[in-house]
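J.: This is the structure I want to talk about, given as structure tokens.
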Amino acid sequence: MALTALTALTALVALTLPAPGALAAGPASRATVAGSTPARATALAPIRDPIPQKPLDSGLGLTVEEYAAFPRTQPVPGPVTDARLRRHARINHLGEVPGRPGRMAVPDLNGRLYLTGAARPPTVYLDVAAAIGPAFFASSGLGSGLGFVAFPPDHARTGRFYTVHTERAAEARARPDFAQSPSAYHGVITEWTATDPAAEVFAGSRREILRIGFTGGGHGIQQIDVNPTARPGDTDHGLLYVAVGDGARGAGSGDPQNLSVPHGKLLRIDPRGTDSASGRYGVPRQNPFTGRPGALGEIYAYGMRDPHRFSWDAVAPHRLYLGHIGEHAIESVYEVRAGDNLGWTEREGPFVYDRRAENPCDRLLPLPADDARHGYTYPVAAYDHDPPPGWNCRSDVGRAIAGGHVYRGSLAPALYGMYLYADIVDGRVFFSDTRRMERGSGRLADTHTLALVDRDGRTVTARQLAGHPRVDLRLGRDAQGELYLLSKANGRIWKVTGVRGFADCRPEGTTLAQLTDAAHWAPVTPAKWRFPPGVVTLAEPGAARPGPRRPFEYAVLTAGPRFGRVEIDAEVRLDTPVEITNRDVILVLAYQSDTRFAYVHLSSDHTIYPHNGIFVVDGADRVRVDHQWNGSTGAPPAIRDAAWHRVRVVHCAESGQIAVYVDGSARPLMTAVDRTFTAGRVGFGSFDNVGSLRALTVRGRPEGS
């Protein structure tokens, strides 16, 4: 089932980016406005819903097992006034130590660098906070503290590795190499050399490589890393990449576009070189701005706000993907190359950013007709995040992107070649197909959601795994290309052990067909129904009845047994005229009584709560349970015309998983997990319209078998 679902992904159409020079339909439209230069942006219609296509349900789930649990730590030196820093353990990365199979390094922002593995609990390898002393700072700013660790491929031979940590400027032991004014915090990169690289506890020396001053406590140095695929003789061999944020100075800062400062840039330096201004590192000759007057040779790419996480594809080693956290709405994935300008603060994702707009919902505008002359690089995948409270803007999901990895492992073959990423806050996991992530194509690759499945086969959310609504999720990867999920909320790591299709149970046992005779059905109101040869038709709309709010009219299939695990396969047609926008039919499942059942609502509308979703009636008004509803829209309309459409519904009673497929798609249109009912009968009807059913087949496991 999982492999079938993946095959269908290759045929998906990517989302087209806003076309320069197209005309806007109004404030709520997508990027479609006749363009001009950014200076005239305020004359253009703003885009209230910049990426209207919400992430698509892939029908796949990651099976996860707990891998490690870390001890509680506290930010130092304190006090902590931001509740988001009060986590069990602020773990934010997992990577395998080169030359030491199964030895995973995990930094905790609060100051400790751990080693852990499948058969060993976490142990402290190096207490960076203690080694640095009173200047070490982790009490303010979401990324403050021990931000990252990078082990070069030759670590087992040289003992060298690199960390980045935060110091408060007032207590810092040295002046920064580069600084914003004023600078309240320093991001410091340190090279450590272990006397014995195989030792369980660090002993050795350290030296400072680079120190950068920042005005704010956020958007500092987010990641440092070495291309693990680079070999001797490669351009990247031995070089250290440094993702530097804009210092949280906001959209008014010109630093990301200023090539004379490192802020808002991806740097590339040679930690073993000496030709920098400080003499503590080298500036690679092959960097795109080396030798340009007024520009820092350290810069590899620029125009960034908060470059959160980057990684290389092991199969395409020069392909670097970056997850970039947006200001207004756009969470982006870029394929970054030397010299790229991602556009911030003139662009956010593939849109003009108007920082002067008074209404915060009016800050995104379409690209101008002459946009190509600016030379900006645009994302290959993106989603728009939920707005802050009080903003009347449209959005899809989440708050901030956690950049991830192209999957090249063996445990989840259905995801091979997919770039997996996540939302930091709500913990939802996504993927995009790297074959659709094309630079310069003018399209965004589709974003697909992945469910999570625990070792007992139960579908869970990241929030349930973490035990907190703010998951603080990160993704890690080992040397075999297998993936891990990390949560600061409870200080735990889960390994991805496989992938399975959603609702992939096998409804085998009893098969019912040729079910359109009137004798097989029990309608609520028999006079409203017709049974011409081969068809079941609800010919007149039902009327509201006393009791819970529920579909007005339906008929229950009385032939055969009550089913537990069940698959419904049929063709349906909406017979209400297409001019009516909220037409619908329903498929009933797990029917117990007139006030206790579940149903799938198939509608031409998806913008209000009762339409186009999965619902449960349990002695009270119907409750929506599908994953696609985000508070304002649900899954795309199931049926828009007057034609017949094939619908398949799978209900795995044991797990509570429900999946709805339309017109032969291998990807479900709707999914839900609900264990209210574990068995019952099936049926057909409509909430308050008319429709028909034919070619019905029901197969499944009878209740109790």
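Following the order of the structure tokens, chains are lettered A, B, ..., residues in each are numbered from 1, and ligands are numbered from 1.
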Give me the residues near Glu567 of chain A as a list in words, where near means some atom within 8 Å (using only C-alpha atoms) and where sequence neighbours in that chain fewer than 6 positions away do not count.
T.: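 After dropping sequence-adjacent residues, the list is Pro507, Arg648, Val649, Val650, His651, Val698, Arg699 and Gly700 of chain A.
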J.: Please tabulate, as CSV, the residues of segment 291-355 of chain A that come within 10 Å of segment 420-444 of chain A, each with its closest pair of atoms and the distance in Å to one decimal, counting only C-alpha atoms and ordering rows by chain, then residue number upward.
T.:
```
residue,atom,partner,partner_atom,distance
A:Arg309,CA,A:Tyr421,CA,9.8
A:Asp313,CA,A:Thr434,CA,9.7
A:Gly323,CA,A:Tyr421,CA,8.0
A:Ile325,CA,A:Asp423,CA,10.0
A:Glu331,CA,A:Asp423,CA,9.0
A:Ser332,CA,A:Leu444,CA,9.7
A:Val333,CA,A:Tyr421,CA,9.0
A:Tyr334,CA,A:Arg439,CA,8.3
A:Glu335,CA,A:Arg439,CA,6.9
A:Val336,CA,A:Arg439,CA,9.1
A:Pro350,CA,A:Gly442,CA,9.1
```
J.: Write out, as a PDB file, in the first residue's frame, the residues just selected, with N, CA, C and O atoms.
T.:
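result_6.pdb was written with the following content:
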```pdb
ATOM      1  N   ARG A 309      18.201  25.233   9.212  1.00  0.00           N
ATOM      2  CA  ARG A 309      18.932  23.979   9.071  1.00  0.00           C
ATOM      3  C   ARG A 309      19.234  23.733   7.590  1.00  0.00           C
ATOM      4  O   ARG A 309      18.403  23.992   6.724  1.00  0.00           O
ATOM      5  N   ASP A 313      22.390  16.223   0.070  1.00  0.00           N
ATOM      6  CA  ASP A 313      21.860  14.953  -0.399  1.00  0.00           C
ATOM      7  C   ASP A 313      23.033  14.005  -0.634  1.00  0.00           C
ATOM      8  O   ASP A 313      23.937  14.301  -1.422  1.00  0.00           O
ATOM      9  N   GLY A 323      16.355  24.859   5.054  1.00  0.00           N
ATOM     10  CA  GLY A 323      15.064  25.241   5.598  1.00  0.00           C
ATOM     11  C   GLY A 323      15.155  26.634   6.177  1.00  0.00           C
ATOM     12  O   GLY A 323      15.971  26.887   7.073  1.00  0.00           O
ATOM     13  N   ILE A 325      13.251  29.969   7.911  1.00  0.00           N
ATOM     14  CA  ILE A 325      12.097  30.431   8.688  1.00  0.00           C
ATOM     15  C   ILE A 325      11.716  31.845   8.254  1.00  0.00           C
ATOM     16  O   ILE A 325      12.550  32.750   8.247  1.00  0.00           O
ATOM     17  N   GLU A 331       7.304  29.639   5.031  1.00  0.00           N
ATOM     18  CA  GLU A 331       8.337  28.707   5.479  1.00  0.00           C
ATOM     19  C   GLU A 331       8.862  27.996   4.235  1.00  0.00           C
ATOM     20  O   GLU A 331       8.093  27.334   3.531  1.00  0.00           O
ATOM     21  N   SER A 332      10.155  28.114   3.968  1.00  0.00           N
ATOM     22  CA  SER A 332      10.680  27.763   2.660  1.00  0.00           C
ATOM     23  C   SER A 332      11.794  26.725   2.727  1.00  0.00           C
ATOM     24  O   SER A 332      12.529  26.641   3.709  1.00  0.00           O
ATOM     25  N   VAL A 333      11.899  25.976   1.644  1.00  0.00           N
ATOM     26  CA  VAL A 333      13.041  25.098   1.397  1.00  0.00           C
ATOM     27  C   VAL A 333      13.712  25.584   0.120  1.00  0.00           C
ATOM     28  O   VAL A 333      13.056  25.720  -0.925  1.00  0.00           O
ATOM     29  N   TYR A 334      15.009  25.860   0.209  1.00  0.00           N
ATOM     30  CA  TYR A 334      15.789  26.307  -0.946  1.00  0.00           C
ATOM     31  C   TYR A 334      16.848  25.267  -1.299  1.00  0.00           C
ATOM     32  O   TYR A 334      17.409  24.614  -0.410  1.00  0.00           O
ATOM     33  N   GLU A 335      17.113  25.137  -2.583  1.00  0.00           N
ATOM     34  CA  GLU A 335      18.353  24.491  -3.000  1.00  0.00           C
ATOM     35  C   GLU A 335      19.359  25.620  -3.210  1.00  0.00           C
ATOM     36  O   GLU A 335      19.195  26.441  -4.123  1.00  0.00           O
ATOM     37  N   VAL A 336      20.377  25.667  -2.370  1.00  0.00           N
ATOM     38  CA  VAL A 336      21.285  26.812  -2.332  1.00  0.00           C
ATOM     39  C   VAL A 336      22.571  26.493  -3.084  1.00  0.00           C
ATOM     40  O   VAL A 336      23.180  25.430  -2.886  1.00  0.00           O
ATOM     41  N   PRO A 350       8.672  33.321  -2.502  1.00  0.00           N
ATOM     42  CA  PRO A 350       8.503  33.814  -3.871  1.00  0.00           C
ATOM     43  C   PRO A 350       7.574  35.014  -3.961  1.00  0.00           C
ATOM     44  O   PRO A 350       6.760  35.108  -4.887  1.00  0.00           O
TER      45      PRO A 350
END
```
J.: Where does DSSP see alpha helix (DSSP H) in segment 27-266 of chain A, if you list the residues as a PyMOL selection string?
T.: chain A and resi 128-132+155-158
J.: What's the 10 Å shell around Thr116 of chain A, counting only C-alpha atoms, without same-chain residues fewer than 3 positions away, as number ranges by chain?
T.: A: 67-70, 94, 96, 102-106, 119-125
J.: May I ask which of the residues A:Pro197, A:Gly204, A:Pro636, A:Pro182 is the closest one to Pro52 of chain A, counting only C-alpha atoms?
T.: A:Pro636
J.: Could you write out, as a compact mmCIF listing (two decimals) with all heavy atoms, in the first residue's frame, all the residues of segment 48-184 of chain A that DSSP marks as strand (DSSP E)?
T.:
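Listing of selection_28.txt after writing:
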```
# COMPACT_ATOMS: atom_id res chain seq x y z
N LEU A 56 -0.63 18.22 1.34
CA LEU A 56 -1.43 17.08 0.91
C LEU A 56 -1.17 15.87 1.79
O LEU A 56 -0.02 15.61 2.16
CB LEU A 56 -1.11 16.73 -0.55
CG LEU A 56 -1.28 17.86 -1.57
CD1 LEU A 56 -0.69 17.44 -2.90
CD2 LEU A 56 -2.74 18.24 -1.70
N ASP A 57 -2.23 15.14 2.12
CA ASP A 57 -2.07 13.93 2.91
C ASP A 57 -1.46 12.85 2.02
O ASP A 57 -2.02 12.47 1.00
CB ASP A 57 -3.42 13.47 3.45
CG ASP A 57 -3.28 12.44 4.55
OD1 ASP A 57 -2.42 11.55 4.42
OD2 ASP A 57 -4.02 12.52 5.54
N SER A 58 -0.31 12.34 2.42
CA SER A 58 0.39 11.35 1.59
C SER A 58 -0.21 9.96 1.72
O SER A 58 0.05 9.09 0.87
CB SER A 58 1.86 11.29 1.99
OG SER A 58 2.01 10.72 3.29
N GLY A 59 -0.97 9.71 2.78
CA GLY A 59 -1.44 8.37 3.03
C GLY A 59 -0.38 7.47 3.63
O GLY A 59 -0.57 6.26 3.75
N LEU A 60 0.76 8.05 4.01
CA LEU A 60 1.86 7.30 4.59
C LEU A 60 2.08 7.71 6.04
O LEU A 60 1.80 8.84 6.43
CB LEU A 60 3.15 7.53 3.79
CG LEU A 60 3.12 7.19 2.30
CD1 LEU A 60 4.44 7.56 1.65
CD2 LEU A 60 2.81 5.72 2.09
N GLY A 61 2.63 6.80 6.81
CA GLY A 61 2.95 7.08 8.20
C GLY A 61 4.34 6.58 8.54
O GLY A 61 4.76 5.50 8.11
N LEU A 62 5.09 7.37 9.30
CA LEU A 62 6.40 6.95 9.80
C LEU A 62 6.21 6.11 11.05
O LEU A 62 5.55 6.55 12.00
CB LEU A 62 7.26 8.16 10.14
CG LEU A 62 7.61 9.14 9.02
CD1 LEU A 62 8.40 10.31 9.59
CD2 LEU A 62 8.38 8.45 7.91
N THR A 63 6.75 4.91 11.07
CA THR A 63 6.75 4.14 12.31
C THR A 63 7.97 4.58 13.12
O THR A 63 9.09 4.66 12.59
CB THR A 63 6.81 2.63 12.03
OG1 THR A 63 7.98 2.33 11.26
CG2 THR A 63 5.58 2.19 11.26
N VAL A 64 7.74 4.89 14.38
CA VAL A 64 8.81 5.44 15.23
C VAL A 64 8.90 4.65 16.52
O VAL A 64 7.89 4.16 17.05
CB VAL A 64 8.57 6.94 15.53
CG1 VAL A 64 8.62 7.76 14.24
CG2 VAL A 64 7.23 7.16 16.24
N GLU A 65 10.12 4.53 17.02
CA GLU A 65 10.37 3.90 18.31
C GLU A 65 11.30 4.79 19.12
O GLU A 65 12.24 5.39 18.56
CB GLU A 65 11.01 2.52 18.13
CG GLU A 65 10.11 1.50 17.47
CD GLU A 65 10.73 0.11 17.41
OE1 GLU A 65 11.82 -0.07 18.02
OE2 GLU A 65 10.14 -0.78 16.77
N GLU A 66 11.04 4.87 20.42
CA GLU A 66 11.89 5.71 21.26
C GLU A 66 13.32 5.20 21.23
O GLU A 66 13.60 4.01 21.37
CB GLU A 66 11.37 5.75 22.69
CG GLU A 66 12.13 6.74 23.55
CD GLU A 66 11.48 6.98 24.90
OE1 GLU A 66 10.25 7.20 24.94
OE2 GLU A 66 12.20 6.93 25.92
N TYR A 67 14.24 6.14 21.04
CA TYR A 67 15.66 5.82 20.88
C TYR A 67 16.47 6.24 22.10
O TYR A 67 17.39 5.53 22.52
CB TYR A 67 16.17 6.52 19.63
CG TYR A 67 17.61 6.27 19.29
CD1 TYR A 67 17.99 5.08 18.66
CD2 TYR A 67 18.60 7.21 19.57
CE1 TYR A 67 19.32 4.85 18.33
CE2 TYR A 67 19.92 7.00 19.24
CZ TYR A 67 20.28 5.81 18.62
OH TYR A 67 21.59 5.58 18.30
N ALA A 68 16.16 7.41 22.65
CA ALA A 68 16.93 7.91 23.79
C ALA A 68 16.10 8.91 24.56
O ALA A 68 15.25 9.61 24.00
CB ALA A 68 18.24 8.55 23.33
N ALA A 69 16.36 9.00 25.87
CA ALA A 69 15.72 9.99 26.75
C ALA A 69 16.81 10.69 27.53
O ALA A 69 17.70 10.04 28.10
CB ALA A 69 14.73 9.31 27.69
N GLY A 95 23.62 13.64 15.22
CA GLY A 95 24.47 13.25 14.10
C GLY A 95 25.43 12.16 14.55
O GLY A 95 25.83 12.11 15.72
N GLU A 96 25.80 11.29 13.62
CA GLU A 96 26.70 10.19 13.97
C GLU A 96 28.15 10.66 13.90
O GLU A 96 28.55 11.35 12.96
CB GLU A 96 26.48 9.01 13.02
CG GLU A 96 27.22 7.75 13.43
CD GLU A 96 26.67 6.51 12.75
OE1 GLU A 96 25.55 6.59 12.19
OE2 GLU A 96 27.34 5.48 12.79
N MET A 104 26.22 8.43 18.52
CA MET A 104 25.49 9.64 18.12
C MET A 104 25.82 10.80 19.05
O MET A 104 25.83 10.65 20.29
CB MET A 104 23.98 9.39 18.15
CG MET A 104 23.54 8.17 17.37
SD MET A 104 23.91 8.30 15.61
CE MET A 104 23.40 6.67 15.07
N ALA A 105 26.09 11.96 18.45
CA ALA A 105 26.35 13.17 19.22
C ALA A 105 25.09 14.02 19.25
O ALA A 105 24.48 14.26 18.20
CB ALA A 105 27.50 13.95 18.59
N VAL A 106 24.71 14.48 20.44
CA VAL A 106 23.50 15.27 20.63
C VAL A 106 23.81 16.46 21.52
O VAL A 106 24.12 16.28 22.71
CB VAL A 106 22.36 14.44 21.26
CG1 VAL A 106 21.11 15.30 21.44
CG2 VAL A 106 22.05 13.21 20.41
N PRO A 107 23.77 17.69 21.00
CA PRO A 107 23.97 18.86 21.85
C PRO A 107 22.67 19.31 22.52
O PRO A 107 21.60 19.23 21.92
CB PRO A 107 24.46 19.93 20.88
CG PRO A 107 23.84 19.54 19.57
CD PRO A 107 23.70 18.04 19.58
N ARG A 112 25.40 21.03 27.43
CA ARG A 112 26.06 19.74 27.44
C ARG A 112 26.05 19.10 26.05
O ARG A 112 25.05 19.16 25.33
CB ARG A 112 25.38 18.79 28.42
CG ARG A 112 25.45 19.24 29.86
CD ARG A 112 24.62 18.30 30.73
NE ARG A 112 24.62 18.71 32.13
CZ ARG A 112 23.84 18.17 33.07
NH1 ARG A 112 22.99 17.20 32.74
NH2 ARG A 112 23.90 18.59 34.31
N LEU A 113 27.16 18.45 25.71
CA LEU A 113 27.25 17.64 24.50
C LEU A 113 27.25 16.17 24.92
O LEU A 113 28.14 15.73 25.66
CB LEU A 113 28.52 17.97 23.72
CG LEU A 113 28.80 17.12 22.48
CD1 LEU A 113 27.66 17.21 21.47
CD2 LEU A 113 30.13 17.53 21.83
N TYR A 114 26.24 15.44 24.46
CA TYR A 114 26.05 14.04 24.86
C TYR A 114 26.50 13.10 23.75
O TYR A 114 26.48 13.44 22.56
CB TYR A 114 24.57 13.76 25.13
CG TYR A 114 23.99 14.46 26.33
CD1 TYR A 114 23.30 15.66 26.17
CD2 TYR A 114 24.08 13.91 27.61
CE1 TYR A 114 22.73 16.30 27.26
CE2 TYR A 114 23.51 14.55 28.70
CZ TYR A 114 22.84 15.74 28.52
OH TYR A 114 22.27 16.37 29.60
N LEU A 115 26.84 11.87 24.17
CA LEU A 115 26.96 10.74 23.28
C LEU A 115 25.89 9.73 23.66
O LEU A 115 25.63 9.52 24.86
CB LEU A 115 28.34 10.09 23.38
CG LEU A 115 29.53 10.93 22.91
CD1 LEU A 115 30.82 10.14 23.11
CD2 LEU A 115 29.39 11.34 21.45
N THR A 116 25.27 9.13 22.68
CA THR A 116 24.25 8.13 22.95
C THR A 116 24.24 7.12 21.81
O THR A 116 24.95 7.27 20.82
CB THR A 116 22.86 8.78 23.12
OG1 THR A 116 21.93 7.82 23.62
CG2 THR A 116 22.34 9.35 21.80
N GLY A 117 23.44 6.09 21.95
CA GLY A 117 23.33 5.06 20.93
C GLY A 117 22.17 4.14 21.24
O GLY A 117 21.50 4.28 22.27
N ARG A 120 22.82 2.32 24.56
CA ARG A 120 23.48 3.06 25.64
C ARG A 120 22.71 4.34 25.94
O ARG A 120 22.31 5.07 25.02
CB ARG A 120 24.92 3.40 25.27
CG ARG A 120 25.07 4.11 23.94
CD ARG A 120 26.51 4.51 23.65
NE ARG A 120 26.94 5.58 24.53
CZ ARG A 120 28.21 6.02 24.58
NH1 ARG A 120 29.13 5.45 23.84
NH2 ARG A 120 28.54 7.00 25.38
N PRO A 121 22.51 4.62 27.21
CA PRO A 121 21.84 5.87 27.57
C PRO A 121 22.77 7.05 27.33
O PRO A 121 23.99 6.87 27.20
CB PRO A 121 21.55 5.69 29.07
CG PRO A 121 22.62 4.75 29.54
CD PRO A 121 22.86 3.81 28.39
N PRO A 122 22.23 8.25 27.24
CA PRO A 122 23.08 9.43 27.00
C PRO A 122 24.08 9.64 28.14
O PRO A 122 23.74 9.50 29.32
CB PRO A 122 22.07 10.58 26.93
CG PRO A 122 20.76 9.94 26.61
CD PRO A 122 20.79 8.60 27.28
N THR A 123 25.30 9.96 27.75
CA THR A 123 26.33 10.33 28.72
C THR A 123 26.97 11.63 28.26
O THR A 123 27.05 11.91 27.06
CB THR A 123 27.41 9.25 28.84
OG1 THR A 123 28.00 9.02 27.55
CG2 THR A 123 26.82 7.95 29.38
N VAL A 124 27.44 12.44 29.20
CA VAL A 124 28.03 13.73 28.86
C VAL A 124 29.44 13.51 28.33
O VAL A 124 30.31 12.98 29.04
CB VAL A 124 28.06 14.67 30.08
CG1 VAL A 124 28.74 15.99 29.72
CG2 VAL A 124 26.64 14.93 30.58
N TYR A 125 29.64 13.90 27.07
CA TYR A 125 30.97 13.84 26.48
C TYR A 125 31.76 15.10 26.80
O TYR A 125 32.95 15.05 27.09
CB TYR A 125 30.85 13.65 24.97
CG TYR A 125 32.16 13.70 24.23
CD1 TYR A 125 33.10 12.68 24.40
CD2 TYR A 125 32.46 14.73 23.34
CE1 TYR A 125 34.32 12.71 23.72
CE2 TYR A 125 33.67 14.76 22.65
CZ TYR A 125 34.59 13.75 22.85
OH TYR A 125 35.80 13.78 22.19
N LEU A 126 31.09 16.24 26.74
CA LEU A 126 31.75 17.52 26.99
C LEU A 126 30.72 18.51 27.54
O LEU A 126 29.68 18.71 26.92
CB LEU A 126 32.35 18.08 25.69
CG LEU A 126 32.89 19.50 25.70
CD1 LEU A 126 34.04 19.65 26.69
CD2 LEU A 126 33.35 19.91 24.29
N ASP A 127 31.01 19.09 28.69
CA ASP A 127 30.17 20.15 29.25
C ASP A 127 30.72 21.47 28.74
O ASP A 127 31.65 22.04 29.32
CB ASP A 127 30.18 20.10 30.77
CG ASP A 127 29.14 21.02 31.39
OD1 ASP A 127 28.79 22.04 30.74
OD2 ASP A 127 28.67 20.75 32.51
N PHE A 148 25.10 23.97 18.13
CA PHE A 148 25.31 22.90 17.16
C PHE A 148 26.70 22.31 17.36
O PHE A 148 27.58 22.93 17.97
CB PHE A 148 25.18 23.44 15.73
CG PHE A 148 24.61 22.45 14.75
CD1 PHE A 148 23.25 22.29 14.62
CD2 PHE A 148 25.45 21.66 13.96
CE1 PHE A 148 22.71 21.37 13.72
CE2 PHE A 148 24.93 20.75 13.06
CZ PHE A 148 23.55 20.60 12.94
N VAL A 149 26.88 21.11 16.84
CA VAL A 149 28.18 20.46 16.81
C VAL A 149 28.39 19.85 15.44
O VAL A 149 27.44 19.33 14.83
CB VAL A 149 28.31 19.38 17.92
CG1 VAL A 149 27.28 18.26 17.70
CG2 VAL A 149 29.72 18.81 17.96
N ALA A 150 29.60 19.94 14.92
CA ALA A 150 29.93 19.38 13.60
C ALA A 150 31.21 18.57 13.71
O ALA A 150 32.24 19.09 14.18
CB ALA A 150 30.09 20.50 12.58
N ARG A 160 39.46 16.37 15.72
CA ARG A 160 38.88 17.71 15.67
C ARG A 160 37.36 17.68 15.48
O ARG A 160 36.84 16.84 14.75
CB ARG A 160 39.52 18.53 14.55
CG ARG A 160 40.95 18.99 14.85
CD ARG A 160 41.41 20.01 13.84
NE ARG A 160 41.62 19.43 12.53
CZ ARG A 160 42.77 18.95 12.07
NH1 ARG A 160 43.85 19.00 12.86
NH2 ARG A 160 42.87 18.46 10.86
N PHE A 161 36.68 18.62 16.12
CA PHE A 161 35.27 18.87 15.88
C PHE A 161 34.98 20.31 16.24
O PHE A 161 35.84 21.01 16.82
CB PHE A 161 34.37 17.89 16.65
CG PHE A 161 34.46 17.99 18.15
CD1 PHE A 161 33.54 18.73 18.89
CD2 PHE A 161 35.47 17.31 18.85
CE1 PHE A 161 33.61 18.80 20.27
CE2 PHE A 161 35.55 17.38 20.23
CZ PHE A 161 34.63 18.12 20.94
N TYR A 162 33.76 20.80 15.91
CA TYR A 162 33.45 22.22 16.03
C TYR A 162 32.11 22.41 16.74
O TYR A 162 31.17 21.62 16.55
CB TYR A 162 33.41 22.88 14.65
CG TYR A 162 34.71 22.69 13.90
CD1 TYR A 162 34.89 21.60 13.06
CD2 TYR A 162 35.76 23.57 14.09
CE1 TYR A 162 36.10 21.40 12.40
CE2 TYR A 162 36.97 23.39 13.44
CZ TYR A 162 37.14 22.30 12.60
OH TYR A 162 38.34 22.10 11.97
N THR A 163 32.03 23.44 17.55
CA THR A 163 30.77 23.81 18.20
C THR A 163 30.51 25.29 17.99
O THR A 163 31.43 26.07 17.68
CB THR A 163 30.80 23.53 19.71
OG1 THR A 163 31.82 24.36 20.33
CG2 THR A 163 31.07 22.07 20.01
N VAL A 164 29.26 25.68 18.16
CA VAL A 164 28.91 27.09 18.23
C VAL A 164 28.11 27.30 19.50
O VAL A 164 27.24 26.49 19.85
CB VAL A 164 28.12 27.54 16.98
CG1 VAL A 164 26.81 26.79 16.82
CG2 VAL A 164 27.86 29.04 17.03
N HIS A 165 28.43 28.35 20.23
CA HIS A 165 27.69 28.67 21.45
C HIS A 165 27.49 30.18 21.55
O HIS A 165 28.05 30.96 20.77
CB HIS A 165 28.44 28.16 22.70
CG HIS A 165 29.68 28.94 23.03
ND1 HIS A 165 30.91 28.64 22.49
CD2 HIS A 165 29.88 30.03 23.84
CE1 HIS A 165 31.82 29.48 22.95
NE2 HIS A 165 31.22 30.34 23.77
N THR A 166 26.65 30.58 22.50
CA THR A 166 26.30 31.98 22.70
C THR A 166 26.96 32.52 23.96
O THR A 166 27.03 31.83 24.99
CB THR A 166 24.78 32.15 22.83
OG1 THR A 166 24.14 31.49 21.74
CG2 THR A 166 24.39 33.62 22.84
N GLU A 167 27.43 33.76 23.87
CA GLU A 167 27.91 34.48 25.05
C GLU A 167 27.21 35.83 25.10
O GLU A 167 26.90 36.42 24.05
CB GLU A 167 29.43 34.69 24.99
CG GLU A 167 30.23 33.40 25.02
CD GLU A 167 31.73 33.63 25.01
OE1 GLU A 167 32.15 34.81 25.13
OE2 GLU A 167 32.48 32.64 24.88
N ARG A 168 26.94 36.30 26.30
CA ARG A 168 26.42 37.65 26.44
C ARG A 168 27.58 38.62 26.28
O ARG A 168 28.67 38.42 26.87
CB ARG A 168 25.73 37.82 27.78
CG ARG A 168 24.90 39.08 27.89
CD ARG A 168 23.81 38.98 28.93
NE ARG A 168 24.27 38.43 30.18
CZ ARG A 168 23.47 38.08 31.17
NH1 ARG A 168 22.16 38.22 31.02
NH2 ARG A 168 23.96 37.57 32.29
N PHE A 178 33.15 40.32 13.73
CA PHE A 178 32.14 41.12 13.03
C PHE A 178 31.02 41.39 14.03
O PHE A 178 30.71 40.53 14.86
CB PHE A 178 31.58 40.37 11.82
CG PHE A 178 32.63 39.87 10.87
CD1 PHE A 178 33.08 38.56 10.94
CD2 PHE A 178 33.17 40.71 9.91
CE1 PHE A 178 34.04 38.09 10.07
CE2 PHE A 178 34.13 40.25 9.02
CZ PHE A 178 34.58 38.94 9.10
N ALA A 179 30.37 42.55 13.93
CA ALA A 179 29.34 42.85 14.92
C ALA A 179 28.30 43.79 14.36
O ALA A 179 28.60 44.70 13.57
CB ALA A 179 29.96 43.46 16.17
```
J.: When you count only C-alpha atoms, which of these residues is closest to Gln74 of chain A: A:Ile91, A:Ile401, A:Val380, A:Ala301?
T.: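 When distances to Gln74 of chain A are compared using only C-alpha atoms, the smallest one comes from A:Ile91.
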J.: Considering only C-alpha atoms, return as a compact mmCIF listing (two decimals) with N, CA and C atoms, in the first residue's frame whatever protein or nucleic-acid residues lie within 8 Å of Ala659 of chain A, sequence-local ones (same chain, fewer than 3 positions apart) excluded.
T.:
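Dumped everything to around38.txt:
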```txt
# COMPACT_ATOMS: atom_id res chain seq x y z
N PHE A 502 -1.45 4.61 5.39
CA PHE A 502 -2.50 4.93 6.35
C PHE A 502 -3.69 4.02 6.08
N ALA A 503 -4.28 3.51 7.15
CA ALA A 503 -5.42 2.58 7.04
C ALA A 503 -5.06 1.43 6.09
N VAL A 649 -13.72 3.82 0.76
CA VAL A 649 -13.53 4.17 2.17
C VAL A 649 -13.01 2.93 2.88
N VAL A 650 -11.91 3.09 3.60
CA VAL A 650 -11.34 2.00 4.40
C VAL A 650 -11.42 2.39 5.87
N HIS A 651 -11.99 1.50 6.68
CA HIS A 651 -12.07 1.72 8.13
C HIS A 651 -11.38 0.56 8.83
N PRO A 668 -5.03 9.29 -0.15
CA PRO A 668 -6.36 9.58 0.39
C PRO A 668 -6.68 11.06 0.35
N LEU A 669 -7.94 11.35 0.04
CA LEU A 669 -8.42 12.73 0.09
C LEU A 669 -8.64 13.17 1.52
N MET A 670 -9.11 12.25 2.36
CA MET A 670 -9.38 12.54 3.76
C MET A 670 -8.89 11.38 4.61
N THR A 671 -8.44 11.72 5.81
CA THR A 671 -8.03 10.70 6.78
C THR A 671 -8.49 11.11 8.16
N ALA A 672 -8.65 10.12 9.01
CA ALA A 672 -9.03 10.38 10.40
C ALA A 672 -8.62 9.19 11.25
```
J.: Which distance in Å separates atom CA of Trp629 of chain A and atom CA of Thr461 of chain A, to one decimal?
T.: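 Computing it gives 15.4 Å between the two atoms.
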J.: For each of A:Arg701, A:Arg268, A:His186, A:His155, take the minimum atom-to-atom distance to Asp225 of chain A, counting only C-alpha atoms, then give the residue where this is smallest.
T.: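 Closest candidate: A:Arg268.
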